[in-house]
Amino acid sequence: MSGHSKWATIKRQKGANDAKRGQLFTKLAREIALAAREGADPNFNFKLRLVIDKARAANMPKENIERAIKRGAGIGDDGTALEEMTYEGYGPHGVALLMQAVTDNRNRTVSEIRRTLTRGGGSLGEAGSVGWLFDAKGYITIPANGINQDKVFELALDAGAEDVQFGEELVEIYTQPADLQIVRQAFQDARYPIETAEVTMVPKTVISLAPAETLQVMNLIETLEDMDDVSKVYSNLDISDEALAQLN
C-alpha cells in the first residue's frame, strides 16, 4: 500500500479546490441520492451515513443534503433514476484505471469517458480487464498532527483493522470492507477526528514511471475526475517524490 498516502494528500487538496468551484457538491448530491435508494434513514443505512459525513466535512449545506436524500428515496418532483457504474481502462504507458460513475444516462457517460481517455492517450477496456488488479478495502484517515502512533496502531488492530500507514499529514487505516463500520466507530468513540471513511480500491501492484510520464497520467486522471458523472478514479500509478514535487 506504499504510495497510497500521496494520492490521499493530492485528493485532499483537490477536494478543497472542488468545493470552491461547487463541483464537489454536485458529485456528493449524486452519491447521497444513490445511497438513499437503500433507505433514507442514515441510522439504518451505513453507506448513506458515510456519504452524509463526507458531505458535512465538505461544508455542504444541510438543505442540499436533505434534497439529495429525498431524490434518492423517490420523494419530491425529481424522479430521475441514477445508476452507479464502474468502467475499466488504461491510461498512457499501460497504467490501469478503474473509474466509478453515478449517472442518469449511461450512454452519455461511457461516450464521454471513452473520448476523454482517447484524448489523454488511454483507452477504454472491457469489463474485467483491470478490475482484478485492485482489492476493495475499508479506508479511514485521521490527521497525523499530535497523535500517539502507538495508541493509534493498538486501537486500529484491536478494532479489527488490517494495516495502518503513518504519513506526514494523514494516518491511513485499512480494513476489510465488512469491518469498516466497526473500526470507524472505535475511532469515533476514542474521539479521533475522522477525515475519510469509505470503501476504496487499492492496487495489488503499482507501476513506476518517469516524472514527465507520471504527470501525463495524473493530468488524465484529473480530467476524468472533473467530469460531472465521474465520482472516483483509481489507478495503479506510483507517484515518485520527484513527480509530486513537480506537481506541487
# chains A, B, ... in the order shown; residues from 1 in each chain; ligands from 1
call {"tool": "residues_around", "arguments": {"residues": "Thr223 in chain A", "least_positions_apart": "6", "cutoff": "12 Å", "atoms": "only C-alpha atoms", "output": "short mmCIF file (atom, residue, chain, number, x, y, z; two decimals) with N, CA and C atoms, in the first residue's frame"}}
result
data_model
loop_
_atom_site.label_atom_id
_atom_site.label_comp_id
_atom_site.auth_asym_id
_atom_site.auth_seq_id
_atom_site.Cartn_x
_atom_site.Cartn_y
_atom_site.Cartn_z
N GLY A 91 -4.61 4.17 -18.95
CA GLY A 91 -4.05 5.47 -19.24
C GLY A 91 -2.80 5.29 -20.08
N MET A 99 -12.73 3.42 -12.96
CA MET A 99 -13.50 4.67 -12.88
C MET A 99 -14.92 4.38 -12.40
N GLU A 112 -18.47 9.93 -23.01
CA GLU A 112 -17.58 10.99 -22.54
C GLU A 112 -16.30 10.41 -21.95
N ILE A 113 -16.42 9.31 -21.24
CA ILE A 113 -15.23 8.68 -20.66
C ILE A 113 -14.33 8.15 -21.78
N ARG A 115 -14.09 9.20 -24.85
CA ARG A 115 -13.48 10.33 -25.56
C ARG A 115 -12.35 10.95 -24.73
N THR A 116 -12.56 11.09 -23.44
CA THR A 116 -11.53 11.67 -22.56
C THR A 116 -10.30 10.78 -22.50
N LEU A 117 -10.50 9.46 -22.39
CA LEU A 117 -9.38 8.53 -22.36
C LEU A 117 -8.58 8.59 -23.66
N THR A 118 -9.27 8.60 -24.78
CA THR A 118 -8.59 8.63 -26.09
C THR A 118 -7.77 9.90 -26.24
N ARG A 119 -8.36 11.03 -25.89
CA ARG A 119 -7.62 12.29 -25.99
C ARG A 119 -6.41 12.33 -25.07
N GLY A 120 -6.49 11.62 -23.95
CA GLY A 120 -5.39 11.62 -22.99
C GLY A 120 -4.38 10.52 -23.21
N GLN A 216 1.76 13.11 -16.94
CA GLN A 216 0.83 12.91 -18.06
C GLN A 216 -0.36 12.06 -17.62
N VAL A 217 -0.09 10.99 -16.89
CA VAL A 217 -1.17 10.13 -16.41
C VAL A 217 -2.03 10.87 -15.39
N ASP A 229 -20.16 13.25 -14.10
CA ASP A 229 -20.67 11.91 -13.80
C ASP A 229 -19.68 11.03 -13.05
N VAL A 230 -18.40 11.35 -13.10
CA VAL A 230 -17.37 10.50 -12.50
C VAL A 230 -17.19 10.88 -11.03
N SER A 231 -17.33 9.89 -10.16
CA SER A 231 -17.19 10.15 -8.73
C SER A 231 -15.79 9.84 -8.23
N LYS A 232 -15.17 8.75 -8.74
CA LYS A 232 -13.83 8.37 -8.26
C LYS A 232 -13.05 7.70 -9.39
N VAL A 233 -11.75 7.93 -9.38
CA VAL A 233 -10.86 7.25 -10.32
C VAL A 233 -9.72 6.62 -9.52
#
call {"tool": "closest_residue", "arguments": {"among": "A:Arg106, A:Ser235, A:Gln176, A:Val202", "to": "Gly89 in chain A", "atoms": "only C-alpha atoms"}}
result
A:Ser235
call {"tool": "closest_residue", "arguments": {"among": "A:Ala40, A:Glu213, A:Ala58, A:Ala178", "to": "Lys27 in chain A", "atoms": "only C-alpha atoms"}}
result
A:Ala58
call {"tool": "residues_around", "arguments": {"residues": "Ser240 in chain A", "least_positions_apart": "3", "cutoff": "9 Å", "atoms": "only C-alpha atoms", "output": "JSON, numbers by chain"}}
result
{"A": [3, 6, 208, 209, 210, 211, 214, 243, 244, 245]}
call {"tool": "residues_around", "arguments": {"residues": "Gln181 in chain A", "least_positions_apart": "6", "cutoff": "12 Å", "atoms": "only C-alpha atoms", "output": "PDB file with N, CA and C atoms, in the first residue's frame"}}
result
ATOM      1  N   ASN A  45     -28.751   2.936   7.433  1.00  0.00           N
ATOM      2  CA  ASN A  45     -28.115   2.828   6.123  1.00  0.00           C
ATOM      3  C   ASN A  45     -26.692   3.359   6.255  1.00  0.00           C
ATOM      4  N   PHE A  46     -25.755   2.432   6.475  1.00  0.00           N
ATOM      5  CA  PHE A  46     -24.376   2.833   6.753  1.00  0.00           C
ATOM      6  C   PHE A  46     -23.744   3.548   5.565  1.00  0.00           C
ATOM      7  N   LYS A  47     -24.051   3.093   4.358  1.00  0.00           N
ATOM      8  CA  LYS A  47     -23.500   3.735   3.162  1.00  0.00           C
ATOM      9  C   LYS A  47     -23.937   5.194   3.083  1.00  0.00           C
ATOM     10  N   ARG A  49     -24.872   7.044   5.604  1.00  0.00           N
ATOM     11  CA  ARG A  49     -24.248   7.779   6.704  1.00  0.00           C
ATOM     12  C   ARG A  49     -22.831   8.216   6.342  1.00  0.00           C
ATOM     13  N   LEU A  50     -22.080   7.341   5.661  1.00  0.00           N
ATOM     14  CA  LEU A  50     -20.715   7.689   5.267  1.00  0.00           C
ATOM     15  C   LEU A  50     -20.706   8.872   4.305  1.00  0.00           C
ATOM     16  N   GLY A 138     -11.722  -1.213   3.201  1.00  0.00           N
ATOM     17  CA  GLY A 138     -12.214  -0.114   4.006  1.00  0.00           C
ATOM     18  C   GLY A 138     -11.068   0.845   4.261  1.00  0.00           C
ATOM     19  N   TYR A 139     -11.354   2.134   4.237  1.00  0.00           N
ATOM     20  CA  TYR A 139     -10.285   3.134   4.268  1.00  0.00           C
ATOM     21  C   TYR A 139     -10.702   4.289   5.184  1.00  0.00           C
ATOM     22  N   ILE A 140      -9.900   4.538   6.199  1.00  0.00           N
ATOM     23  CA  ILE A 140     -10.160   5.605   7.167  1.00  0.00           C
ATOM     24  C   ILE A 140      -8.914   6.466   7.278  1.00  0.00           C
ATOM     25  N   ALA A 159      -9.518  -3.076  16.974  1.00  0.00           N
ATOM     26  CA  ALA A 159     -10.842  -2.928  16.373  1.00  0.00           C
ATOM     27  C   ALA A 159     -11.027  -3.815  15.143  1.00  0.00           C
ATOM     28  N   GLY A 160      -9.928  -4.398  14.655  1.00  0.00           N
ATOM     29  CA  GLY A 160     -10.034  -5.303  13.519  1.00  0.00           C
ATOM     30  C   GLY A 160      -9.436  -4.783  12.228  1.00  0.00           C
ATOM     31  N   ALA A 161      -8.662  -3.685  12.279  1.00  0.00           N
ATOM     32  CA  ALA A 161      -8.029  -3.148  11.071  1.00  0.00           C
ATOM     33  C   ALA A 161      -6.934  -4.100  10.583  1.00  0.00           C
ATOM     34  N   TYR A 174      -6.498   0.754   7.077  1.00  0.00           N
ATOM     35  CA  TYR A 174      -7.119  -0.128   6.095  1.00  0.00           C
ATOM     36  C   TYR A 174      -7.812  -1.284   6.809  1.00  0.00           C
ATOM     37  N   THR A 175      -8.998  -1.642   6.310  1.00  0.00           N
ATOM     38  CA  THR A 175      -9.771  -2.733   6.876  1.00  0.00           C
ATOM     39  C   THR A 175     -10.363  -3.578   5.754  1.00  0.00           C
ATOM     40  N   PHE A 187     -12.789   4.514  16.424  1.00  0.00           N
ATOM     41  CA  PHE A 187     -12.056   5.776  16.409  1.00  0.00           C
ATOM     42  C   PHE A 187     -12.960   6.949  16.780  1.00  0.00           C
ATOM     43  N   GLN A 188     -14.228   6.865  16.411  1.00  0.00           N
ATOM     44  CA  GLN A 188     -15.169   7.903  16.839  1.00  0.00           C
ATOM     45  C   GLN A 188     -15.333   7.896  18.348  1.00  0.00           C
ATOM     46  N   ALA A 197     -13.874   8.090   5.626  1.00  0.00           N
ATOM     47  CA  ALA A 197     -14.277   6.720   5.959  1.00  0.00           C
ATOM     48  C   ALA A 197     -15.079   6.217   4.774  1.00  0.00           C
ATOM     49  N   GLU A 198     -14.492   5.320   4.003  1.00  0.00           N
ATOM     50  CA  GLU A 198     -15.146   4.860   2.781  1.00  0.00           C
ATOM     51  C   GLU A 198     -14.514   3.550   2.332  1.00  0.00           C
ATOM     52  N   VAL A 199     -15.145   2.935   1.355  1.00  0.00           N
ATOM     53  CA  VAL A 199     -14.550   1.767   0.702  1.00  0.00           C
ATOM     54  C   VAL A 199     -13.768   2.268  -0.506  1.00  0.00           C
TER      55      VAL A 199
END
call {"tool": "closest_residue", "arguments": {"among": "A:Met218, A:Gln100, A:Thr205, A:Leu155", "to": "Arg184 in chain A", "atoms": "only C-alpha atoms"}}
result
A:Leu155
call {"tool": "residues_around", "arguments": {"residues": "Arg56 in chain A", "least_positions_apart": "5", "cutoff": "12 Å", "atoms": "only C-alpha atoms", "output": "CSV table (one decimal) with C-alpha atoms, in the first residue's frame"}}
result
chain,number,residue,atom,x,y,z
A,19,ALA,CA,-15.5,22.7,-3.0
A,24,LEU,CA,-17.9,18.7,-5.2
A,25,PHE,CA,-21.5,19.4,-4.0
A,28,LEU,CA,-21.8,14.4,-3.4
A,29,ALA,CA,-25.5,15.1,-4.1
A,32,ILE,CA,-26.2,10.7,-1.5
A,49,ARG,CA,-24.2,7.8,6.7
A,50,LEU,CA,-20.7,7.7,5.3
A,51,VAL,CA,-21.6,9.9,2.3
A,61,PRO,CA,-25.5,22.9,3.0
A,62,LYS,CA,-28.0,20.9,5.1
A,63,GLU,CA,-30.8,21.7,2.6
A,64,ASN,CA,-28.7,20.3,-0.3
A,65,ILE,CA,-28.2,17.1,1.7
A,66,GLU,CA,-31.8,16.7,2.5
A,194,ILE,CA,-12.1,11.2,11.1
A,195,GLU,CA,-11.5,12.9,7.7
A,196,THR,CA,-12.3,10.0,5.5
call {"tool": "select_by_dssp", "arguments": {"residues": "range 8-246 of chain A", "states": "strand (DSSP E)", "output": "count of residues only"}}
result
56
call {"tool": "atom_distance", "arguments": {"atom1": "CA of Trp132 in chain A", "atom2": "CA of Glu88 in chain A"}}
result
10.4 Å
call {"tool": "closest_residue", "arguments": {"among": "A:Lys70, A:Arg108, A:Arg114, A:Arg37", "to": "Tyr87 in chain A", "atoms": "only C-alpha atoms"}}
result
A:Arg114
call {"tool": "select_by_dssp", "arguments": {"residues": "range 113-184 of chain A", "states": "alpha helix (DSSP H)", "output": "PyMOL selection string"}}
result
chain A and resi 113-119+149-159+180-184
call {"tool": "write_last_selection", "arguments": {"atoms": "C-alpha atoms", "output": "PDB file, in the first residue's frame"}}
result
ATOM      1  CA  ILE A 113     -15.233   8.680 -20.664  1.00  0.00           C
ATOM      2  CA  ARG A 114     -14.110   6.971 -23.883  1.00  0.00           C
ATOM      3  CA  ARG A 115     -13.479  10.333 -25.557  1.00  0.00           C
ATOM      4  CA  THR A 116     -11.533  11.666 -22.561  1.00  0.00           C
ATOM      5  CA  LEU A 117      -9.379   8.532 -22.355  1.00  0.00           C
ATOM      6  CA  THR A 118      -8.593   8.627 -26.085  1.00  0.00           C
ATOM      7  CA  ARG A 119      -7.624  12.290 -25.991  1.00  0.00           C
ATOM      8  CA  GLN A 149       1.319   6.424  16.867  1.00  0.00           C
ATOM      9  CA  ASP A 150       1.460   3.509  19.309  1.00  0.00           C
ATOM     10  CA  LYS A 151      -2.031   4.255  20.632  1.00  0.00           C
ATOM     11  CA  VAL A 152      -3.474   4.660  17.148  1.00  0.00           C
ATOM     12  CA  PHE A 153      -1.866   1.438  15.962  1.00  0.00           C
ATOM     13  CA  GLU A 154      -3.114  -0.502  19.002  1.00  0.00           C
ATOM     14  CA  LEU A 155      -6.645   0.898  18.688  1.00  0.00           C
ATOM     15  CA  ALA A 156      -6.801   0.083  14.985  1.00  0.00           C
ATOM     16  CA  LEU A 157      -5.643  -3.505  15.355  1.00  0.00           C
ATOM     17  CA  ASP A 158      -7.851  -4.148  18.398  1.00  0.00           C
ATOM     18  CA  ALA A 159     -10.842  -2.928  16.373  1.00  0.00           C
ATOM     19  CA  LEU A 180     -15.149  -0.540   8.115  1.00  0.00           C
ATOM     20  CA  GLN A 181     -18.090   0.442  10.316  1.00  0.00           C
ATOM     21  CA  ILE A 182     -16.663  -1.270  13.414  1.00  0.00           C
ATOM     22  CA  VAL A 183     -13.211   0.330  13.076  1.00  0.00           C
ATOM     23  CA  ARG A 184     -14.704   3.722  12.266  1.00  0.00           C
TER      24      ARG A 184
END
